[in-house]
file input-v7.pdb (PDB, C-alpha atoms and all ligand atoms)
MODEL        1
ATOM      1  CA  MET X1150      14.478 -20.209 -28.940
ATOM      2  CA  ALA X1151      13.425 -18.451 -25.781
ATOM      3  CA  SER X1152      12.100 -19.522 -22.430
ATOM      4  CA  LEU X1153       8.684 -17.945 -22.124
ATOM      5  CA  LEU X1154       6.318 -17.655 -19.205
ATOM      6  CA  LEU X1155       2.645 -17.493 -20.056
ATOM      7  CA  VAL X1156       0.446 -16.097 -17.260
ATOM      8  CA  GLU X1157      -3.069 -16.897 -18.403
ATOM      9  CA  ASP X1158      -6.055 -18.300 -16.556
ATOM     10  CA  ASP X1159      -8.110 -19.256 -19.597
ATOM     11  CA  THR X1160      -7.372 -22.942 -20.129
ATOM     12  CA  SER X1161      -8.214 -23.073 -23.819
ATOM     13  CA  ILE X1162      -6.207 -19.951 -24.748
ATOM     14  CA  ARG X1163      -3.347 -21.224 -22.644
ATOM     15  CA  SER X1164      -3.159 -24.734 -24.050
ATOM     16  CA  ALA X1165      -3.403 -23.451 -27.630
ATOM     17  CA  LEU X1166      -0.566 -20.968 -27.013
ATOM     18  CA  VAL X1167       1.639 -23.462 -25.166
ATOM     19  CA  ARG X1168       1.335 -25.745 -28.173
ATOM     20  CA  SER X1169       1.741 -23.171 -30.940
ATOM     21  CA  LEU X1170       4.587 -21.255 -29.272
ATOM     22  CA  GLY X1171       6.233 -24.609 -28.514
ATOM     23  CA  ASP X1172       5.900 -25.507 -32.189
ATOM     24  CA  ARG X1173       7.727 -22.266 -32.987
ATOM     25  CA  GLY X1174      10.689 -23.446 -30.957
ATOM     26  CA  HIS X1175      10.078 -21.777 -27.607
ATOM     27  CA  GLU X1176      10.214 -23.406 -24.228
ATOM     28  CA  VAL X1177       6.893 -22.416 -22.658
ATOM     29  CA  ALA X1178       6.112 -22.494 -18.924
ATOM     30  CA  TRP X1179       2.761 -21.290 -17.650
ATOM     31  CA  THR X1180       0.873 -20.270 -14.547
ATOM     32  CA  SER X1181      -2.809 -19.553 -14.176
ATOM     33  CA  THR X1182      -2.498 -16.911 -11.456
ATOM     34  CA  GLY X1183      -0.534 -13.708 -11.070
ATOM     35  CA  ARG X1184       1.065 -14.735  -7.792
ATOM     36  CA  ALA X1185       2.360 -17.995  -9.256
ATOM     37  CA  GLY X1186       3.649 -16.045 -12.258
ATOM     38  CA  LEU X1187       5.557 -13.631 -10.057
ATOM     39  CA  ARG X1188       7.007 -16.539  -8.099
ATOM     40  CA  HIS X1189       8.039 -18.279 -11.314
ATOM     41  CA  VAL X1190       9.901 -15.192 -12.538
ATOM     42  CA  LEU X1191      11.721 -14.872  -9.219
ATOM     43  CA  ASP X1192      12.535 -18.596  -8.860
ATOM     44  CA  ALA X1193      13.062 -19.855 -12.386
ATOM     45  CA  GLY X1194      13.376 -16.689 -14.465
ATOM     46  CA  ALA X1195      12.180 -16.300 -18.043
ATOM     47  CA  ASP X1196      13.359 -14.559 -21.189
ATOM     48  CA  LEU X1197       9.925 -13.001 -21.674
ATOM     49  CA  VAL X1198       6.519 -12.982 -19.981
ATOM     50  CA  VAL X1199       3.175 -12.961 -21.792
ATOM     51  CA  LEU X1200       0.782 -11.548 -19.235
ATOM     52  CA  ASP X1201      -2.991 -11.761 -19.388
ATOM     53  CA  LEU X1202      -4.470  -8.679 -17.748
ATOM     54  CA  GLY X1203      -7.643 -10.370 -16.509
ATOM     55  CA  LEU X1204      -6.352 -12.741 -13.846
ATOM     56  CA  PRO X1205      -8.342 -14.262 -10.975
ATOM     57  CA  ASP X1206      -6.094 -13.159  -8.118
ATOM     58  CA  ILE X1207      -4.328  -9.916  -9.065
ATOM     59  CA  ASP X1208      -5.212  -7.284 -11.632
ATOM     60  CA  GLY X1209      -2.741  -7.697 -14.487
ATOM     61  CA  ALA X1210      -1.764  -4.022 -14.473
ATOM     62  CA  GLN X1211      -0.933  -4.306 -10.773
ATOM     63  CA  LEU X1212       1.050  -7.482 -11.424
ATOM     64  CA  LEU X1213       2.965  -5.660 -14.154
ATOM     65  CA  ARG X1214       4.040  -3.030 -11.618
ATOM     66  CA  MET X1215       5.041  -5.753  -9.126
ATOM     67  CA  LEU X1216       7.046  -7.555 -11.814
ATOM     68  CA  ARG X1217       8.746  -4.342 -12.837
ATOM     69  CA  ALA X1218       9.748  -3.705  -9.246
ATOM     70  CA  VAL X1219      11.713  -6.950  -9.086
ATOM     71  CA  SER X1220      12.714  -7.836 -12.641
ATOM     72  CA  LYS X1221      13.674  -6.392 -15.996
ATOM     73  CA  VAL X1222      12.125  -9.344 -17.836
ATOM     74  CA  PRO X1223      10.375  -8.157 -21.016
ATOM     75  CA  VAL X1224       6.585  -8.304 -20.759
ATOM     76  CA  ILE X1225       3.958  -8.471 -23.474
ATOM     77  CA  VAL X1226       0.493  -7.852 -22.084
ATOM     78  CA  ALA X1227      -2.563  -9.526 -23.559
ATOM     79  CA  THR X1228      -5.510  -7.263 -23.107
ATOM     80  CA  ALA X1229      -9.197  -7.451 -23.852
ATOM     81  CA  ARG X1230      -9.256  -3.684 -23.346
ATOM     82  CA  ASP X1231      -8.908  -2.009 -26.655
ATOM     83  CA  ASP X1232      -9.027   1.564 -25.415
ATOM     84  CA  ASP X1233      -6.025   3.737 -26.115
ATOM     85  CA  ASP X1234      -5.723   5.133 -22.616
ATOM     86  CA  SER X1235      -5.190   1.803 -20.932
ATOM     87  CA  VAL X1236      -2.767   0.607 -23.604
ATOM     88  CA  VAL X1237      -0.692   3.795 -23.405
ATOM     89  CA  ASP X1238      -0.798   3.486 -19.619
ATOM     90  CA  LEU X1239       0.497  -0.089 -19.742
ATOM     91  CA  LEU X1240       3.302   0.804 -22.132
ATOM     92  CA  GLU X1241       4.273   3.685 -19.852
ATOM     93  CA  HIS X1242       4.266   1.348 -16.857
ATOM     94  CA  GLY X1243       6.762  -1.032 -18.298
ATOM     95  CA  ALA X1244       5.008  -3.306 -20.769
ATOM     96  CA  ASP X1245       7.228  -3.831 -23.811
ATOM     97  CA  ASP X1246       4.365  -4.514 -26.176
ATOM     98  CA  TYR X1247       0.750  -5.625 -26.156
ATOM     99  CA  VAL X1248      -1.715  -7.756 -28.036
ATOM    100  CA  VAL X1249      -5.466  -7.258 -28.022
ATOM    101  CA  LYS X1250      -7.596 -10.386 -27.640
ATOM    102  CA  PRO X1251      -8.405 -12.282 -29.709
ATOM    103  CA  TYR X1252      -4.940 -12.477 -31.259
ATOM    104  CA  THR X1253      -3.231 -15.153 -33.299
ATOM    105  CA  ALA X1254      -0.186 -17.128 -32.207
ATOM    106  CA  ALA X1255       1.620 -15.823 -35.337
ATOM    107  CA  ASN X1256       0.977 -12.229 -34.314
ATOM    108  CA  LEU X1257       2.070 -12.883 -30.723
ATOM    109  CA  ASN X1258       5.181 -14.714 -31.906
ATOM    110  CA  ALA X1259       6.183 -11.823 -34.179
ATOM    111  CA  ARG X1260       5.898  -9.497 -31.202
ATOM    112  CA  ILE X1261       7.862 -11.874 -28.996
ATOM    113  CA  GLN X1262      10.682 -11.991 -31.556
ATOM    114  CA  ALA X1263      10.714  -8.204 -31.911
ATOM    115  CA  VAL X1264      10.743  -7.605 -28.144
ATOM    116  CA  LEU X1265      13.501 -10.177 -27.627
ATOM    117  CA  ARG X1266      15.604  -8.602 -30.358
ATOM    118  CA  ARG X1267      15.251  -5.209 -28.699
ATOM    119  CA  SER X1268      15.929  -6.451 -25.199
ATOM    120  CA  GLU X1269      18.818  -8.865 -25.593
ATOM    121  CA  PRO X1270      21.687  -7.089 -23.881
ATOM    122  CA  GLY X1271      24.652  -6.335 -26.073
ATOM    123  CA  ARG X1272      23.066  -7.893 -29.103
ATOM    124  CA  LYS X1273      23.068  -5.622 -32.080
ATOM    125  CA  GLU X1274      20.647  -6.300 -34.785
ATOM    126  CA  PRO X1275      22.550  -5.017 -37.753
ATOM    127  CA  CYS X1276      20.100  -5.823 -40.471
ATOM    128  CA  LEU X1277      16.523  -6.824 -41.109
ATOM    129  CA  VAL X1278      16.203  -8.610 -44.425
ATOM    130  CA  VAL X1279      12.901  -9.367 -46.115
ATOM    131  CA  GLY X1280      13.432 -10.505 -49.694
ATOM    132  CA  GLU X1281      15.195  -7.713 -51.582
ATOM    133  CA  LEU X1282      14.673  -5.279 -48.749
ATOM    134  CA  ALA X1283      17.565  -4.800 -46.306
ATOM    135  CA  ILE X1284      17.285  -2.468 -43.331
ATOM    136  CA  ASP X1285      20.313  -1.423 -41.311
ATOM    137  CA  LEU X1286      18.755  -0.562 -37.950
ATOM    138  CA  PRO X1287      21.714   1.080 -36.159
ATOM    139  CA  GLY X1288      22.699   2.945 -39.323
ATOM    140  CA  ARG X1289      19.068   3.852 -40.059
ATOM    141  CA  THR X1290      19.420   3.147 -43.748
ATOM    142  CA  ALA X1291      17.464   0.861 -46.040
ATOM    143  CA  ARG X1292      18.146  -0.651 -49.431
ATOM    144  CA  LEU X1293      15.918  -2.293 -51.983
ATOM    145  CA  ALA X1294      17.754  -4.744 -54.257
ATOM    146  CA  GLY X1295      20.974  -2.978 -53.259
ATOM    147  CA  ARG X1296      19.669   0.478 -54.111
ATOM    148  CA  PRO X1297      19.648   2.936 -51.182
ATOM    149  CA  LEU X1298      16.201   4.285 -50.290
ATOM    150  CA  ASP X1299      15.937   7.970 -49.490
ATOM    151  CA  LEU X1300      13.619   7.825 -46.468
ATOM    152  CA  ARG X1301      12.592  10.460 -44.004
ATOM    153  CA  PRO X1302      12.935   9.408 -40.336
ATOM    154  CA  ARG X1303       9.273   8.465 -39.886
ATOM    155  CA  GLU X1304       9.209   6.561 -43.160
ATOM    156  CA  PHE X1305      12.263   4.620 -42.019
ATOM    157  CA  GLU X1306      10.629   3.785 -38.680
ATOM    158  CA  LEU X1307       7.420   2.712 -40.387
ATOM    159  CA  LEU X1308       9.352   0.496 -42.802
ATOM    160  CA  ALA X1309      11.468  -1.015 -40.008
ATOM    161  CA  PHE X1310       8.355  -1.656 -37.908
ATOM    162  CA  LEU X1311       6.581  -3.461 -40.759
ATOM    163  CA  ALA X1312       9.705  -5.355 -41.820
ATOM    164  CA  GLY X1313      10.130  -6.606 -38.253
ATOM    165  CA  ARG X1314       6.830  -8.471 -38.650
ATOM    166  CA  PRO X1315       6.881  -9.819 -42.189
ATOM    167  CA  GLY X1316       3.590 -11.346 -43.274
ATOM    168  CA  VAL X1317       1.741 -10.084 -40.192
ATOM    169  CA  VAL X1318      -1.129  -7.651 -40.686
ATOM    170  CA  VAL X1319      -0.805  -4.744 -38.270
ATOM    171  CA  SER X1320      -3.604  -2.289 -37.650
ATOM    172  CA  ARG X1321      -3.280   1.444 -38.207
ATOM    173  CA  ARG X1322      -3.918   1.806 -34.493
ATOM    174  CA  GLU X1323      -0.885  -0.361 -33.679
ATOM    175  CA  ILE X1324       1.254   1.520 -36.192
ATOM    176  CA  MET X1325       0.183   4.838 -34.681
ATOM    177  CA  ALA X1326       1.064   3.593 -31.189
ATOM    178  CA  GLU X1327       4.372   1.976 -32.187
ATOM    179  CA  VAL X1328       5.768   4.350 -34.778
ATOM    180  CA  TRP X1329       4.236   7.651 -33.657
ATOM    181  CA  HIS X1330       3.729   6.752 -30.002
ATOM    182  CA  LEU X1331       0.296   8.341 -30.250
ATOM    183  CA  PRO X1332      -3.250   7.057 -29.902
ATOM    184  CA  TYR X1333      -5.019   6.601 -33.207
ATOM    185  CA  GLY X1334      -8.019   8.726 -34.031
ATOM    186  CA  GLY X1335     -10.439   7.256 -36.565
ATOM    187  CA  ALA X1336     -10.146  10.268 -38.872
ATOM    188  CA  ASP X1337      -6.384  10.300 -38.756
ATOM    189  CA  LYS X1338      -4.917   9.706 -42.203
ATOM    190  CA  THR X1339      -1.310  10.050 -41.055
ATOM    191  CA  VAL X1340      -0.551   6.353 -41.410
ATOM    192  CA  ASP X1341      -2.098   6.106 -44.869
ATOM    193  CA  VAL X1342      -0.207   9.161 -46.092
ATOM    194  CA  HIS X1343       3.125   7.771 -44.888
ATOM    195  CA  VAL X1344       2.345   4.349 -46.342
ATOM    196  CA  SER X1345       1.655   6.026 -49.655
ATOM    197  CA  TRP X1346       4.981   7.925 -49.557
ATOM    198  CA  LEU X1347       6.802   4.759 -48.582
ATOM    199  CA  ARG X1348       5.221   2.893 -51.489
ATOM    200  CA  GLN X1349       6.371   5.560 -53.932
ATOM    201  CA  LYS X1350       9.918   5.187 -52.649
ATOM    202  CA  LEU X1351       9.692   1.413 -53.000
ATOM    203  CA  GLY X1352       8.509   1.926 -56.579
ATOM    204  CA  GLU X1353       5.029   0.563 -56.080
ATOM    205  CA  SER X1354       1.492   1.795 -55.571
ATOM    206  CA  ALA X1355      -1.690   0.849 -53.739
ATOM    207  CA  THR X1356      -3.163  -0.485 -56.965
ATOM    208  CA  ALA X1357      -0.060  -2.549 -57.793
ATOM    209  CA  PRO X1358       1.445  -3.487 -54.426
ATOM    210  CA  ARG X1359       4.491  -5.736 -54.185
ATOM    211  CA  ILE X1360       5.950  -5.384 -50.721
ATOM    212  CA  ILE X1361       3.409  -3.338 -48.774
ATOM    213  CA  HIS X1362      -0.150  -4.605 -48.856
ATOM    214  CA  THR X1363      -3.287  -3.053 -47.450
ATOM    215  CA  VAL X1364      -5.762  -5.544 -46.039
ATOM    216  CA  ARG X1365      -9.116  -3.848 -46.225
ATOM    217  CA  ASN X1366     -10.625  -2.976 -42.855
ATOM    218  CA  VAL X1367      -7.777  -4.702 -41.029
ATOM    219  CA  GLY X1368      -4.448  -3.031 -41.606
ATOM    220  CA  ILE X1369      -1.165  -3.225 -43.427
ATOM    221  CA  LYS X1370       1.454  -5.906 -43.930
ATOM    222  CA  LEU X1371       4.867  -6.129 -45.471
ATOM    223  CA  VAL X1372       5.736  -9.262 -47.410
ATOM    224  CA  ASP X1373       8.542 -10.720 -49.488
ATOM    225  CA  PRO X1374       6.917 -10.767 -52.935
ATOM    226  CA  ALA X1375       8.955 -13.867 -53.829
ATOM    227  CA  THR X1376       7.360 -15.953 -51.060
ATOM    228  CA  GLY X1377       4.112 -14.049 -50.536
TER     229      GLY X1377
HETATM  230 CA    CA V   1      -8.144 -14.007 -18.148
ENDMDL
END

call {"tool": "encode", "arguments": {"input": "input-v7.pdb", "output": "structure tokens", "more": "lines below"}}
Ligand code: CA
result
Amino acid sequence: MASLLLVEDDTSIRSALVRSLGDRGHEVAWTSTGRAGLRHVLDAGADLVVLDLGLPDIDGAQLLRMLRAVSKVPVIVATARDDDDSVVDLLEHGADDYVVKPYTAANLNARIQAVLRRSEPGRKEPCLVVGELAIDLPGRTARLAGRPLDLRPREFELLAFLAGRPGVVVSRREIMAEVWHLPYGGADKTVDVHVSWLRQKLGESATAPRIIHTVRNVGIKLVDPATG
């Protein structure tokens, strides 16, 4: 459980998120303006801030810089801007992750968990386990049903990224930004090629997927085949 601050001026988005993130065990505070959000972080603190970029009083990107000047609190920005330049810019200016509207509470929650795991001081995350797949993050090794997987560095990062969000479909664009730290060009087959290599090493294929599934026109997800 984490104490979250949601800075969002859209009442319907906000109330839905307060409820669904609350259902997932978080304590959720909210403000509808950037200034109130900044004040809340300074006065009450938060484990993580979800920041809408389109706020009535301060531009969200500007608020992000103001927050960063006074606090190390992790920030996930919620953006309606789906262009690579602004997303890269936000990540360079201190956002820990981003979601593009409209997003689901499940997707946001997976990102919240991943950002919190990365940011908790002193906390090591020794292993990610999804079904028979076990990933040792500090050791950068992975096993499937106890058998070590021989992965190249980028394959390991791709697998760890997907396994950190089990059941969540991530777009190739997000994978490109998160694993390669590069904007995604429509003709770029890099992600698909690495997914294909990864599948071979997991002993599966695109036509008979078990762990890694392609969702047509949307993206890729990693699942525990035992639970779907
Ligand atoms: Ca807004």

call {"tool": "residues_near_ligand", "arguments": {"input": "input-v7.pdb", "ligand": "ligand CA 1 (chain V)", "cutoff": "12 Å", "atoms": "only C-alpha atoms and all ligand atoms", "output": "PyMOL selection string"}}
result
chain X and resi 1155-1163+1180-1183+1199-1209+1226-1230+1250-1251

call {"tool": "write_last_selection", "arguments": {"input": "input-v7.pdb", "atoms": "C-alpha atoms", "output": "PDB file, in the coordinates of the input"}}
result
ATOM      1  CA  LEU X1155       2.645 -17.493 -20.056  1.00  0.00           C
ATOM      2  CA  VAL X1156       0.446 -16.097 -17.260  1.00  0.00           C
ATOM      3  CA  GLU X1157      -3.069 -16.897 -18.403  1.00  0.00           C
ATOM      4  CA  ASP X1158      -6.055 -18.300 -16.556  1.00  0.00           C
ATOM      5  CA  ASP X1159      -8.110 -19.256 -19.597  1.00  0.00           C
ATOM      6  CA  THR X1160      -7.372 -22.942 -20.129  1.00  0.00           C
ATOM      7  CA  SER X1161      -8.214 -23.073 -23.819  1.00  0.00           C
ATOM      8  CA  ILE X1162      -6.207 -19.951 -24.748  1.00  0.00           C
ATOM      9  CA  ARG X1163      -3.347 -21.224 -22.644  1.00  0.00           C
ATOM     10  CA  THR X1180       0.873 -20.270 -14.547  1.00  0.00           C
ATOM     11  CA  SER X1181      -2.809 -19.553 -14.176  1.00  0.00           C
ATOM     12  CA  THR X1182      -2.498 -16.911 -11.456  1.00  0.00           C
ATOM     13  CA  GLY X1183      -0.534 -13.708 -11.070  1.00  0.00           C
ATOM     14  CA  VAL X1199       3.175 -12.961 -21.792  1.00  0.00           C
ATOM     15  CA  LEU X1200       0.782 -11.548 -19.235  1.00  0.00           C
ATOM     16  CA  ASP X1201      -2.991 -11.761 -19.388  1.00  0.00           C
ATOM     17  CA  LEU X1202      -4.470  -8.679 -17.748  1.00  0.00           C
ATOM     18  CA  GLY X1203      -7.643 -10.370 -16.509  1.00  0.00           C
ATOM     19  CA  LEU X1204      -6.352 -12.741 -13.846  1.00  0.00           C
ATOM     20  CA  PRO X1205      -8.342 -14.262 -10.975  1.00  0.00           C
ATOM     21  CA  ASP X1206      -6.094 -13.159  -8.118  1.00  0.00           C
ATOM     22  CA  ILE X1207      -4.328  -9.916  -9.065  1.00  0.00           C
ATOM     23  CA  ASP X1208      -5.212  -7.284 -11.632  1.00  0.00           C
ATOM     24  CA  GLY X1209      -2.741  -7.697 -14.487  1.00  0.00           C
ATOM     25  CA  VAL X1226       0.493  -7.852 -22.084  1.00  0.00           C
ATOM     26  CA  ALA X1227      -2.563  -9.526 -23.559  1.00  0.00           C
ATOM     27  CA  THR X1228      -5.510  -7.263 -23.107  1.00  0.00           C
ATOM     28  CA  ALA X1229      -9.197  -7.451 -23.852  1.00  0.00           C
ATOM     29  CA  ARG X1230      -9.256  -3.684 -23.346  1.00  0.00           C
ATOM     30  CA  LYS X1250      -7.596 -10.386 -27.640  1.00  0.00           C
ATOM     31  CA  PRO X1251      -8.405 -12.282 -29.709  1.00  0.00           C
TER      32      PRO X1251
END

call {"tool": "axis_aligned_box", "arguments": {"input": "input-v7.pdb", "around": "range 1348-1367 of chain X", "padding_each_side": "8 Å", "output": "lines of an AutoDock Vina configuration file"}}
result
center_x = -0.4
center_y = -0.1
center_z = -49.4
size_x = 36.5
size_y = 27.3
size_z = 32.8

call {"tool": "resolve_selection", "arguments": {"input": "input-v7.pdb", "expression": "the PyMOL selection byres (((chain X and resi 1338-1347) around 9) and not hetatm)", "output": "VMD selection string"}}
result
chain X and resid 1300 1303 to 1305 1307 to 1308 1321 to 1322 1324 to 1325 1334 to 1337 1348 to 1355 1361 1369

call {"tool": "resolve_selection", "arguments": {"input": "input-v7.pdb", "expression": "the PyMOL selection byres (((chain X and resi 1197) around 6) and not hetatm)", "output": "list of chain:residue names"}}
result
X:Leu1153, X:Ala1195, X:Asp1196, X:Val1198, X:Val1222, X:Pro1223, X:Val1224

call {"tool": "residues_around", "arguments": {"input": "input-v7.pdb", "residues": "range 1285-1292 of chain X", "least_positions_apart": "3", "cutoff": "9 Å", "atoms": "all atoms listed in the file", "output": "PDB file with C-alpha atoms, keeping the file's coordinate frame"}}
result
ATOM      1  CA  LYS X1273      23.068  -5.622 -32.080  1.00  0.00           C
ATOM      2  CA  GLU X1274      20.647  -6.300 -34.785  1.00  0.00           C
ATOM      3  CA  PRO X1275      22.550  -5.017 -37.753  1.00  0.00           C
ATOM      4  CA  CYS X1276      20.100  -5.823 -40.471  1.00  0.00           C
ATOM      5  CA  LEU X1277      16.523  -6.824 -41.109  1.00  0.00           C
ATOM      6  CA  VAL X1278      16.203  -8.610 -44.425  1.00  0.00           C
ATOM      7  CA  GLU X1281      15.195  -7.713 -51.582  1.00  0.00           C
ATOM      8  CA  LEU X1282      14.673  -5.279 -48.749  1.00  0.00           C
ATOM      9  CA  GLY X1295      20.974  -2.978 -53.259  1.00  0.00           C
ATOM     10  CA  ARG X1296      19.669   0.478 -54.111  1.00  0.00           C
ATOM     11  CA  PRO X1297      19.648   2.936 -51.182  1.00  0.00           C
ATOM     12  CA  LEU X1298      16.201   4.285 -50.290  1.00  0.00           C
ATOM     13  CA  ASP X1299      15.937   7.970 -49.490  1.00  0.00           C
ATOM     14  CA  LEU X1300      13.619   7.825 -46.468  1.00  0.00           C
ATOM     15  CA  PRO X1302      12.935   9.408 -40.336  1.00  0.00           C
ATOM     16  CA  PHE X1305      12.263   4.620 -42.019  1.00  0.00           C
ATOM     17  CA  GLU X1306      10.629   3.785 -38.680  1.00  0.00           C
ATOM     18  CA  LEU X1308       9.352   0.496 -42.802  1.00  0.00           C
ATOM     19  CA  ALA X1309      11.468  -1.015 -40.008  1.00  0.00           C
TER      20      ALA X1309
END

call {"tool": "atom_distance", "arguments": {"input": "input-v7.pdb", "atom1": "CA of Arg1173 in chain X", "atom2": "CA of Ile1225 in chain X"}}
result
17.2 Å

call {"tool": "atom_distance", "arguments": {"input": "input-v7.pdb", "atom1": "CA of Ser1268 in chain X", "atom2": "CA of Val1167 in chain X"}}
result
22.2 Å

call {"tool": "closest_atom_pairs", "arguments": {"input": "input-v7.pdb", "of": "range 1308-1351 of chain X", "to": "range 1241-1248 of chain X", "cutoff": "12 Å", "atoms": "all atoms listed in the file", "output": "tab-separated table"}}
result
residue	atom	partner	partner_atom	distance
X:Val1319	CA	X:Val1248	CA	10.7
X:Ser1320	CA	X:Val1248	CA	11.2
X:Arg1322	CA	X:Val1248	CA	11.7
X:Glu1323	CA	X:Tyr1247	CA	9.3
X:Ala1326	CA	X:Asp1246	CA	10.1
X:Glu1327	CA	X:Asp1246	CA	8.8
X:His1330	CA	X:Glu1241	CA	10.6

call {"tool": "closest_residue", "arguments": {"input": "input-v7.pdb", "among": "X:His1189, X:Arg1217, X:Arg1184, X:Arg1266", "to": "Met1150 in chain X", "atoms": "all atoms listed in the file"}}
result
X:Arg1266

call {"tool": "atom_distance", "arguments": {"input": "input-v7.pdb", "atom1": "CA of Ala1165 in chain X", "atom2": "CA of His1362 in chain X"}}
result
28.6 Å

call {"tool": "closest_residue", "arguments": {"input": "input-v7.pdb", "among": "X:Ala1294, X:Ser1169, X:Gly1368, X:Trp1179", "to": "Gly1280 in chain X", "atoms": "all atoms listed in the file"}}
result
X:Ala1294

call {"tool": "residues_around", "arguments": {"input": "input-v7.pdb", "residues": "Leu1191 in chain X", "least_positions_apart": "5", "cutoff": "10 Å", "atoms": "only C-alpha atoms", "output": "PDB file with C-alpha atoms, keeping the file's coordinate frame"}}
result
ATOM      1  CA  ALA X1185       2.360 -17.995  -9.256  1.00  0.00           C
ATOM      2  CA  GLY X1186       3.649 -16.045 -12.258  1.00  0.00           C
ATOM      3  CA  LEU X1216       7.046  -7.555 -11.814  1.00  0.00           C
ATOM      4  CA  VAL X1219      11.713  -6.950  -9.086  1.00  0.00           C
ATOM      5  CA  SER X1220      12.714  -7.836 -12.641  1.00  0.00           C
TER       6      SER X1220
END

call {"tool": "residues_around", "arguments": {"input": "input-v7.pdb", "residues": "Ala1254 in chain X", "least_positions_apart": "3", "cutoff": "8 Å", "atoms": "all atoms listed in the file", "output": "VMD selection string"}}
result
chain X and resid 1166 1169 to 1170 1257 to 1258

call {"tool": "closest_residue", "arguments": {"input": "input-v7.pdb", "among": "X:Met1215, X:Val1279, X:Arg1314, X:Arg1301", "to": "Ala1263 in chain X", "atoms": "all atoms listed in the file"}}
result
X:Arg1314

call {"tool": "resolve_selection", "arguments": {"input": "input-v7.pdb", "expression": "the PyMOL selection byres (((chain X and resi 1317) around 8) and not hetatm)", "output": "list in words"}}
result
Ala1255, Asn1256, Ala1259, Arg1314, Pro1315, Gly1316, Val1318, Val1319, Lys1370 and Leu1371 of chain X

call {"tool": "closest_residue", "arguments": {"input": "input-v7.pdb", "among": "X:Pro1332, X:Pro1358, X:Gly1171, X:Pro1374", "to": "Asp1238 in chain X", "atoms": "only C-alpha atoms"}}
result
X:Pro1332
